[in-house]
$ cat entry03.pdb   # PDB, C-alpha atoms, pLDDT in the B column
ATOM      1  CA  GLN A 123      -5.892 -22.859 -13.332  1.00 94.00           C
ATOM      2  CA  VAL A 124      -6.194 -19.329 -12.009  1.00 97.00           C
ATOM      3  CA  GLN A 125      -9.289 -18.674  -9.940  1.00 97.00           C
ATOM      4  CA  LEU A 126     -10.507 -15.661  -8.015  1.00 98.00           C
ATOM      5  CA  VAL A 127     -13.839 -16.176  -6.305  1.00 98.00           C
ATOM      6  CA  GLU A 128     -15.573 -13.274  -4.595  1.00 98.00           C
ATOM      7  CA  SER A 129     -18.195 -13.646  -1.910  1.00 98.00           C
ATOM      8  CA  GLY A 130     -19.958 -11.567   0.694  1.00 98.00           C
ATOM      9  CA  GLY A 131     -22.075  -9.311  -1.484  1.00 98.00           C
ATOM     10  CA  ASN A 132     -25.588  -8.675  -0.273  1.00 97.00           C
ATOM     11  CA  LEU A 133     -28.431  -6.222   0.095  1.00 98.00           C
ATOM     12  CA  VAL A 134     -27.738  -3.806   2.938  1.00 98.00           C
ATOM     13  CA  ARG A 135     -29.304  -0.628   4.259  1.00 98.00           C
ATOM     14  CA  PRO A 136     -27.490   2.716   4.127  1.00 98.00           C
ATOM     15  CA  GLY A 137     -25.085   2.969   7.016  1.00 98.00           C
ATOM     16  CA  GLY A 138     -24.637  -0.780   7.162  1.00 98.00           C
ATOM     17  CA  SER A 139     -21.534  -2.899   6.733  1.00 98.00           C
ATOM     18  CA  LEU A 140     -20.393  -5.765   4.578  1.00 98.00           C
ATOM     19  CA  ARG A 141     -17.195  -7.737   4.308  1.00 98.00           C
ATOM     20  CA  LEU A 142     -16.232  -9.008   0.891  1.00 98.00           C
ATOM     21  CA  SER A 143     -13.837 -11.917   0.502  1.00 98.00           C
ATOM     22  CA  CYS A 144     -11.823 -13.123  -2.456  1.00 98.00           C
ATOM     23  CA  ARG A 145     -10.467 -16.645  -2.466  1.00 98.00           C
ATOM     24  CA  THR A 146      -7.638 -17.263  -4.920  1.00 98.00           C
ATOM     25  CA  SER A 147      -5.744 -20.162  -6.437  1.00 97.00           C
ATOM     26  CA  GLY A 148      -3.530 -21.008  -9.380  1.00 97.00           C
ATOM     27  CA  PHE A 149      -0.929 -18.252  -9.122  1.00 96.00           C
ATOM     28  CA  THR A 150       1.797 -17.114  -6.743  1.00 95.00           C
ATOM     29  CA  PHE A 151      -0.419 -14.988  -4.549  1.00 96.00           C
ATOM     30  CA  HIS A 152       2.254 -13.195  -2.541  1.00 96.00           C
ATOM     31  CA  TYR A 153       3.834 -11.798  -5.721  1.00 96.00           C
ATOM     32  CA  TYR A 154       0.677  -9.946  -6.676  1.00 97.00           C
ATOM     33  CA  ASP A 155      -0.805  -6.638  -5.710  1.00 98.00           C
ATOM     34  CA  MET A 156      -4.487  -7.186  -5.014  1.00 98.00           C
ATOM     35  CA  SER A 157      -7.298  -4.782  -5.711  1.00 98.00           C
ATOM     36  CA  TRP A 158     -11.029  -4.397  -5.499  1.00 98.00           C
ATOM     37  CA  TYR A 159     -12.843  -2.748  -8.378  1.00 98.00           C
ATOM     38  CA  ARG A 160     -16.501  -1.987  -8.772  1.00 98.00           C
ATOM     39  CA  GLN A 161     -18.870  -1.332 -11.601  1.00 98.00           C
ATOM     40  CA  ALA A 162     -22.306   0.200 -11.304  1.00 96.00           C
ATOM     41  CA  PRO A 163     -24.863  -0.110 -14.125  1.00 92.00           C
ATOM     42  CA  GLY A 164     -24.060   2.222 -17.007  1.00 94.00           C
ATOM     43  CA  THR A 165     -20.650   3.164 -15.652  1.00 96.00           C
ATOM     44  CA  GLU A 166     -17.063   2.113 -16.212  1.00 97.00           C
ATOM     45  CA  ARG A 167     -15.314  -0.210 -13.830  1.00 97.00           C
ATOM     46  CA  GLU A 168     -13.422   1.786 -11.229  1.00 98.00           C
ATOM     47  CA  LEU A 169     -10.590   0.948  -8.905  1.00 98.00           C
ATOM     48  CA  VAL A 170     -11.720   1.077  -5.276  1.00 98.00           C
ATOM     49  CA  ALA A 171      -8.722  -0.087  -3.249  1.00 98.00           C
ATOM     50  CA  THR A 172      -5.330  -1.712  -3.703  1.00 98.00           C
ATOM     51  CA  ILE A 173      -3.043  -3.503  -1.300  1.00 98.00           C
ATOM     52  CA  SER A 174       0.579  -4.237  -2.115  1.00 97.00           C
ATOM     53  CA  SER A 175       1.907  -7.761  -2.427  1.00 96.00           C
ATOM     54  CA  ASP A 176       3.375  -7.729   1.081  1.00 95.00           C
ATOM     55  CA  GLY A 177       0.423  -5.908   2.588  1.00 94.00           C
ATOM     56  CA  GLY A 178       2.609  -2.961   3.482  1.00 95.00           C
ATOM     57  CA  SER A 179       0.699  -0.281   1.626  1.00 97.00           C
ATOM     58  CA  GLU A 180      -2.904   0.441   0.768  1.00 98.00           C
ATOM     59  CA  ASN A 181      -4.556   2.941  -1.518  1.00 98.00           C
ATOM     60  CA  TYR A 182      -8.181   3.993  -1.807  1.00 98.00           C
ATOM     61  CA  ILE A 183     -10.285   6.171  -3.983  1.00 98.00           C
ATOM     62  CA  GLU A 184     -11.338   9.317  -2.222  1.00 98.00           C
ATOM     63  CA  SER A 185     -14.998   8.394  -1.933  1.00 97.00           C
ATOM     64  CA  VAL A 186     -14.316   5.341   0.242  1.00 98.00           C
ATOM     65  CA  LYS A 187     -11.460   6.614   2.411  1.00 98.00           C
ATOM     66  CA  GLY A 188     -12.261   6.179   6.071  1.00 98.00           C
ATOM     67  CA  ARG A 189     -15.100   3.757   5.303  1.00 98.00           C
ATOM     68  CA  PHE A 190     -13.489   0.844   3.463  1.00 98.00           C
ATOM     69  CA  THR A 191     -10.475  -1.217   4.459  1.00 98.00           C
ATOM     70  CA  ILE A 192      -8.639  -3.654   2.224  1.00 98.00           C
ATOM     71  CA  SER A 193      -6.606  -6.457   3.766  1.00 98.00           C
ATOM     72  CA  ARG A 194      -4.972  -9.698   2.761  1.00 98.00           C
ATOM     73  CA  ASP A 195      -3.860 -12.978   4.251  1.00 97.00           C
ATOM     74  CA  ASN A 196      -0.976 -14.338   2.197  1.00 96.00           C
ATOM     75  CA  ALA A 197      -0.962 -17.646   4.039  1.00 97.00           C
ATOM     76  CA  ARG A 198      -4.596 -18.252   3.134  1.00 97.00           C
ATOM     77  CA  ARG A 199      -4.385 -16.572  -0.297  1.00 98.00           C
ATOM     78  CA  MET A 200      -7.304 -14.346   0.604  1.00 98.00           C
ATOM     79  CA  VAL A 201      -8.086 -10.694   0.163  1.00 98.00           C
ATOM     80  CA  TYR A 202     -10.867  -8.808   1.925  1.00 98.00           C
ATOM     81  CA  LEU A 203     -12.746  -5.555   1.684  1.00 98.00           C
ATOM     82  CA  GLN A 204     -14.410  -4.345   4.861  1.00 98.00           C
ATOM     83  CA  MET A 205     -17.052  -1.802   3.933  1.00 98.00           C
ATOM     84  CA  ASN A 206     -18.618   0.358   6.623  1.00 98.00           C
ATOM     85  CA  SER A 207     -21.053   3.253   6.509  1.00 98.00           C
ATOM     86  CA  LEU A 208     -22.317   2.085   3.148  1.00 98.00           C
ATOM     87  CA  LYS A 209     -24.052   4.586   0.904  1.00 98.00           C
ATOM     88  CA  PHE A 210     -26.484   4.251  -1.979  1.00 97.00           C
ATOM     89  CA  GLU A 211     -23.682   5.145  -4.380  1.00 97.00           C
ATOM     90  CA  ASP A 212     -21.660   2.124  -3.254  1.00 98.00           C
ATOM     91  CA  THR A 213     -24.120  -0.104  -5.086  1.00 98.00           C
ATOM     92  CA  ALA A 214     -22.193  -2.040  -7.730  1.00 98.00           C
ATOM     93  CA  VAL A 215     -20.725  -5.357  -8.691  1.00 98.00           C
ATOM     94  CA  TYR A 216     -17.410  -5.674  -6.861  1.00 98.00           C
ATOM     95  CA  TYR A 217     -14.530  -7.482  -8.528  1.00 98.00           C
ATOM     96  CA  CYS A 218     -11.324  -8.880  -7.130  1.00 98.00           C
ATOM     97  CA  ASN A 219      -8.192  -8.318  -9.210  1.00 98.00           C
ATOM     98  CA  ALA A 220      -4.655  -9.678  -9.011  1.00 98.00           C
ATOM     99  CA  GLU A 221      -1.888  -7.832 -10.828  1.00 97.00           C
ATOM    100  CA  GLU A 222       1.842  -8.374 -11.217  1.00 95.00           C
ATOM    101  CA  ARG A 223       3.664  -6.573 -14.044  1.00 89.00           C
ATOM    102  CA  VAL A 224       2.168  -8.114 -17.201  1.00 90.00           C
ATOM    103  CA  TRP A 225      -0.292 -10.473 -15.529  1.00 94.00           C
ATOM    104  CA  SER A 226      -3.778  -9.486 -14.426  1.00 96.00           C
ATOM    105  CA  PHE A 227      -6.511 -11.819 -13.245  1.00 98.00           C
ATOM    106  CA  TRP A 228     -10.147 -11.159 -12.429  1.00 98.00           C
ATOM    107  CA  GLY A 229     -12.936 -12.751 -10.496  1.00 97.00           C
ATOM    108  CA  GLN A 230     -16.561 -12.928 -11.591  1.00 97.00           C
ATOM    109  CA  GLY A 231     -17.802 -10.335  -9.146  1.00 98.00           C
ATOM    110  CA  THR A 232     -20.209 -10.116  -6.244  1.00 98.00           C
ATOM    111  CA  GLN A 233     -23.220  -7.808  -6.102  1.00 98.00           C
ATOM    112  CA  VAL A 234     -23.478  -5.185  -3.395  1.00 98.00           C
ATOM    113  CA  THR A 235     -26.773  -3.341  -3.205  1.00 98.00           C
ATOM    114  CA  VAL A 236     -27.347  -0.507  -0.765  1.00 98.00           C
ATOM    115  CA  ALA A 237     -31.035   0.266  -0.483  1.00 97.00           C
ATOM    116  CA  SER A 238     -33.589   1.192   2.135  1.00 94.00           C
TER     117      SER A 238
END
$ encode --input "entry03.pdb" --output "structure tokens"
Amino acid sequence: QVQLVESGGNLVRPGGSLRLSCRTSGFTFHYYDMSWYRQAPGTERELVATISSDGGSENYIESVKGRFTISRDNARRMVYLQMNSLKFEDTAVYYCNAEERVWSFWGQGTQVTVAS
């Protein structure tokens, strides 16, 4: 059974930091590119960051470059999103995604709220 379980979401003040984690099981983790998406109320889900299956390359949307870092631990089947200098507009539900050619799996999401 495929499972992706996100954690680490919280309420944080602008300028603060959070680290999201995604624990996975049920698929061959090291074959999959891993991504974090987010969805704010009334908006479409957007891709935030992707890390390749071997961890050798990372990509970010422009608005988070220099603030967010995606990483993975293939031995532990984990993927992380370190978020620094958080802004109001980072408020969203953050989802973990695993993708490999035709297969794509999703977690249930974790809420990140940036508010003063």
$ closest_residue --input "entry03.pdb" --among "A:Ser157, A:Gln230, A:Ser185, A:Gln123" --to "Leu208 of chain A" --atoms "all atoms listed in the file"
A:Ser185
$ closest_atom_pairs --input "entry03.pdb" --of "segment 135-176 of chain A" --to "segment 187-202 of chain A" --cutoff "7 Å" --atoms "all atoms listed in the file" --output "JSON lines"
{"residue": "A:Arg141", "atom": "CA", "partner": "A:Tyr202", "partner_atom": "CA", "distance": 6.8}
{"residue": "A:Leu142", "atom": "CA", "partner": "A:Tyr202", "partner_atom": "CA", "distance": 5.5}
{"residue": "A:Ser143", "atom": "CA", "partner": "A:Tyr202", "partner_atom": "CA", "distance": 4.5}
{"residue": "A:Cys144", "atom": "CA", "partner": "A:Val201", "partner_atom": "CA", "distance": 5.2}
{"residue": "A:Arg145", "atom": "CA", "partner": "A:Met200", "partner_atom": "CA", "distance": 5.0}
{"residue": "A:Thr146", "atom": "CA", "partner": "A:Arg199", "partner_atom": "CA", "distance": 5.7}
{"residue": "A:Phe151", "atom": "CA", "partner": "A:Arg199", "partner_atom": "CA", "distance": 6.0}
{"residue": "A:His152", "atom": "CA", "partner": "A:Asn196", "partner_atom": "CA", "distance": 5.8}
{"residue": "A:Ala171", "atom": "CA", "partner": "A:Ile192", "partner_atom": "CA", "distance": 6.5}
{"residue": "A:Ile173", "atom": "CA", "partner": "A:Ile192", "partner_atom": "CA", "distance": 6.6}
$ residues_near_point --input "entry03.pdb" --point "(-25.0, -0.6, -6.2)" --cutoff "8 Å" --atoms "only C-alpha atoms" --output "VMD selection string"
chain A and resid 162 to 163 210 to 215 233 to 236
$ atom_distance --input "entry03.pdb" --atom1 "atom CA of Ala237 of chain A" --atom2 "atom CA of Asn132 of chain A"
10.5 Å
$ resolve_selection --input "entry03.pdb" --expression "the PyMOL selection byres ((chain A and resi 138) around 7)" --output "PDB file with C-alpha atoms, in the coordinates of the input"
ATOM      1  CA  VAL A 134     -27.738  -3.806   2.938  1.00 98.00           C
ATOM      2  CA  ARG A 135     -29.304  -0.628   4.259  1.00 98.00           C
ATOM      3  CA  PRO A 136     -27.490   2.716   4.127  1.00 98.00           C
ATOM      4  CA  GLY A 137     -25.085   2.969   7.016  1.00 98.00           C
ATOM      5  CA  SER A 139     -21.534  -2.899   6.733  1.00 98.00           C
ATOM      6  CA  ASN A 206     -18.618   0.358   6.623  1.00 98.00           C
ATOM      7  CA  SER A 207     -21.053   3.253   6.509  1.00 98.00           C
ATOM      8  CA  LEU A 208     -22.317   2.085   3.148  1.00 98.00           C
TER       9      LEU A 208
END
$ atom_distance --input "entry03.pdb" --atom1 "atom CA of Ser226 of chain A" --atom2 "atom CA of Ser147 of chain A"
13.5 Å
$ atom_distance --input "entry03.pdb" --atom1 "atom CA of Thr150 of chain A" --atom2 "atom CA of Arg223 of chain A"
13.0 Å
$ resolve_selection --input "entry03.pdb" --expression "the PyMOL selection byres ((chain A and resi 218) around 6)" --output "list in words"
Ser157, Trp158, Tyr217, Asn219, Trp228 and Gly229 of chain A
$ closest_residue --input "entry03.pdb" --among "A:Met156, A:Glu222, A:Gln161, A:Glu166" --to "Gly178 of chain A" --atoms "all atoms listed in the file"
A:Met156
$ axis_aligned_box --input "entry03.pdb" --around "segment 149-156 of chain A" --padding-each-side "5 Å" --output "lines of an AutoDock Vina configuration file"
center_x = -0.3
center_y = -12.4
center_z = -5.8
size_x = 18.3
size_y = 21.6
size_z = 16.6
$ closest_residue --input "entry03.pdb" --among "A:Val186, A:Ser129, A:Ala220, A:Tyr154" --to "Met205 of chain A" --atoms "only C-alpha atoms"
A:Val186
$ closest_residue --input "entry03.pdb" --among "A:Val127, A:Leu140, A:Leu133, A:Ile183" --to "Leu203 of chain A" --atoms "only C-alpha atoms"
A:Leu140
$ closest_residue --input "entry03.pdb" --among "A:Val170, A:Gly231, A:Ser238, A:Asp176" --to "Gly131 of chain A" --atoms "all atoms listed in the file"
A:Gly231
